[in-house]
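Scroll down for the structure; my scribbles are underneath it.
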Amino acid sequence: MARDTGDAATAIVCDDIVIDRNGHSSPTRAVDGVTFSLPAGDLLCISGATGSGKSTLVGALAGVADPSIRVVGGSATVCGVSVRHPGRRLRELTYRAGYLPQNAGALLTPQLTVQEIIAEPILQRERRVNVKALAIRVASLLDELHLPLGLADSFPYELSAGMRQRVAIARALVLDPMVLIADEPLANLDLEVRPVVFDAISRRRAARGMAALLVSNDAAFARELGAATLMIRDGHVVARGIGADLLWTPGAEHTN
């Protein structure tokens with residue numbers, strides 16, 4: 001289960017990326033000219049209203065197999081892999097980037113146990129796996145996210161919404177990714193559990209240089225992590241900065 005460090009300098013580079021979302025009619029411009037970079041070990045929160053393009057952007061960057069999403073302009077690399085033209089390196093991208101989709105807890109495969117759900121990315125990557133080592137890996141993630149070890153044999157329907165969310169987070173972290181791309185990681189989590197997620201991200205940032213791209217409108221979350229914020233509206237970046245010190249694009253601050 002060795003970790004390939006790949007491009008150690010920069011986790012994500014977006015240069016004027018343009019993404020269309022295909023529906024029943026003509027394509028809709030979901031992301032229009034977004035530019036940013038995320039160095040290894042750094043954190044960035046993306047915020048914005050529903051329909052602003054946040055989820056489309058992070059899904060594309062994570063290499064999600066979604067035929068409705070198409071990168072049509074600009075460029076983006078994640079862990080050194082082109083998102084627009086990944087070719088055979090798409091699999092490499094999905095191994096290096098841990099992805100937590102929106103409503104992740106509700107998307108867990110109902111036929112699999114918690115153990116199988118968390119272990120699945122490793123089993124998909126490696127032909128031969130030390131079963132004992134894999135069980136220890138899963139147990140350590142459950143413990144880290146304050147989930148009882150006895151849940152390993154449980155099915156998603158037996159868990160609360162907050163527990164399912166933490167199982168999904170464990171799955172996103174199981175390969176020790178170079179970058180965590182998480183869409184609303186705090187969804188369904190009680191206030192007392194949120195520091196557990198903060199710690200899991202901060203620990204990997206300090207120990208392994210993991211970067212994190214997090215979709216969240218929770219300003220306190222960004223402050224707790226010391227993350228910069230990129231605010232998106234109608235597919236465009238309208239502000240960026242840290243905390244209350246946001247630098248707005250001309251005219252954007254007063255636009256509804």
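Numbering starts fresh at 1 for the residues of each chain in the structure tokens, the chains themselves are lettered A, B, ... in the order given, and ligands are numbered from 1 as they appear.
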
Apply DSSP to the structure's backbone, then extract all residues of segment 20-241 of chain A labelled helix (DSSP H, G or I) and return them as a PyMOL selection string. chain A and resi 54-61+87-96+104-107+114-125+131-144+149-153+156-158+161-173+194-208+219-225

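Considering only segment 97-182 of chain A, backbone DSSP assigns strand (DSSP E) to Ala97, Gly98, Tyr99, Leu100, Val179, Leu180, Ile181 and Ala182 of chain A.
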
Expected file: the selected residues, N, CA and C atoms, as a PDB file, in the first residue's frame:
ATOM      1  N   ALA A  97      -6.228  11.256  -5.703  1.00  0.00           N
ATOM      2  CA  ALA A  97      -7.181  12.217  -5.162  1.00  0.00           C
ATOM      3  C   ALA A  97      -8.301  11.469  -4.446  1.00  0.00           C
ATOM      4  N   GLY A  98      -8.398  11.662  -3.142  1.00  0.00           N
ATOM      5  CA  GLY A  98      -9.514  11.081  -2.404  1.00  0.00           C
ATOM      6  C   GLY A  98     -10.737  11.950  -2.602  1.00  0.00           C
ATOM      7  N   TYR A  99     -11.857  11.356  -2.978  1.00  0.00           N
ATOM      8  CA  TYR A  99     -13.043  12.141  -3.328  1.00  0.00           C
ATOM      9  C   TYR A  99     -14.213  11.806  -2.416  1.00  0.00           C
ATOM     10  N   LEU A 100     -14.801  12.847  -1.858  1.00  0.00           N
ATOM     11  CA  LEU A 100     -16.005  12.727  -1.061  1.00  0.00           C
ATOM     12  C   LEU A 100     -17.103  13.494  -1.791  1.00  0.00           C
ATOM     13  N   VAL A 179      -4.311  14.572  -2.305  1.00  0.00           N
ATOM     14  CA  VAL A 179      -5.254  15.672  -2.136  1.00  0.00           C
ATOM     15  C   VAL A 179      -6.624  15.089  -1.822  1.00  0.00           C
ATOM     16  N   LEU A 180      -7.307  15.689  -0.865  1.00  0.00           N
ATOM     17  CA  LEU A 180      -8.679  15.325  -0.542  1.00  0.00           C
ATOM     18  C   LEU A 180      -9.599  16.341  -1.206  1.00  0.00           C
ATOM     19  N   ILE A 181     -10.517  15.852  -2.031  1.00  0.00           N
ATOM     20  CA  ILE A 181     -11.506  16.711  -2.674  1.00  0.00           C
ATOM     21  C   ILE A 181     -12.851  16.336  -2.074  1.00  0.00           C
ATOM     22  N   ALA A 182     -13.388  17.213  -1.223  1.00  0.00           N
ATOM     23  CA  ALA A 182     -14.563  16.858  -0.423  1.00  0.00           C
ATOM     24  C   ALA A 182     -15.677  17.875  -0.617  1.00  0.00           C
TER      25      ALA A 182
END

Atom CA of Arg166 of chain A to atom CA of Arg233 of chain A, distance in Å rounded to a single decimal: 28.9 Å

Contacts of Ile122 of chain A at 10 Å or less, counting only C-alpha atoms, minus same-chain residues fewer than 2 places along, as a PyMOL selection string? chain A and resi 1+95+118-120+124-129+134+171+174-175

Contacts of segment 189-204 of chain A at 12 Å (only C-alpha atoms; same-chain gap of 4+ positions) as a PyMOL selection string: chain A and resi 40-43+98+103+105+140-147+160-170+172-182+184-185+208-214+218+220-227

All residues 6 Å or closer to segment 236-239 of chain A, only C-alpha atoms, same chain fewer than 6 positions away omitted, as a PyMOL selection string: chain A and resi 32+246-249+252

Expected file contents, prior selection, N, CA and C atoms, as a CSV table (one decimal), in the first residue's frame:
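Final file, selection.csv:
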chain,number,residue,atom,x,y,z
A,32,ASP,N,-17.1,28.7,-15.6
A,32,ASP,CA,-16.7,29.6,-16.7
A,32,ASP,C,-15.4,30.4,-16.4
A,246,LEU,N,-11.7,39.0,2.2
A,246,LEU,CA,-12.0,38.6,0.8
A,246,LEU,C,-11.7,39.7,-0.2
A,247,LEU,N,-11.0,39.4,-1.2
A,247,LEU,CA,-10.8,40.3,-2.3
A,247,LEU,C,-11.8,40.0,-3.4
A,248,TRP,N,-12.8,41.0,-3.6
A,248,TRP,CA,-13.8,40.8,-4.5
A,248,TRP,C,-13.5,41.3,-5.9
A,249,THR,N,-14.0,40.6,-6.9
A,249,THR,CA,-13.8,41.1,-8.3
A,249,THR,C,-14.6,42.4,-8.4
A,252,ALA,N,-18.6,42.7,-8.0
A,252,ALA,CA,-19.2,41.4,-7.6
A,252,ALA,C,-19.8,41.5,-6.2

If we count only C-alpha atoms, what is near segment 72-85 of chain A at a cut-off of 6 Å, once residues fewer than 2 positions away on the same chain are taken out, given as a list in words? Asp7, Ala11, Ile12, Val13, Cys14, Asp15, Asp16, Ile17, Val18, Ile19, Arg70 and Gly87 of chain A
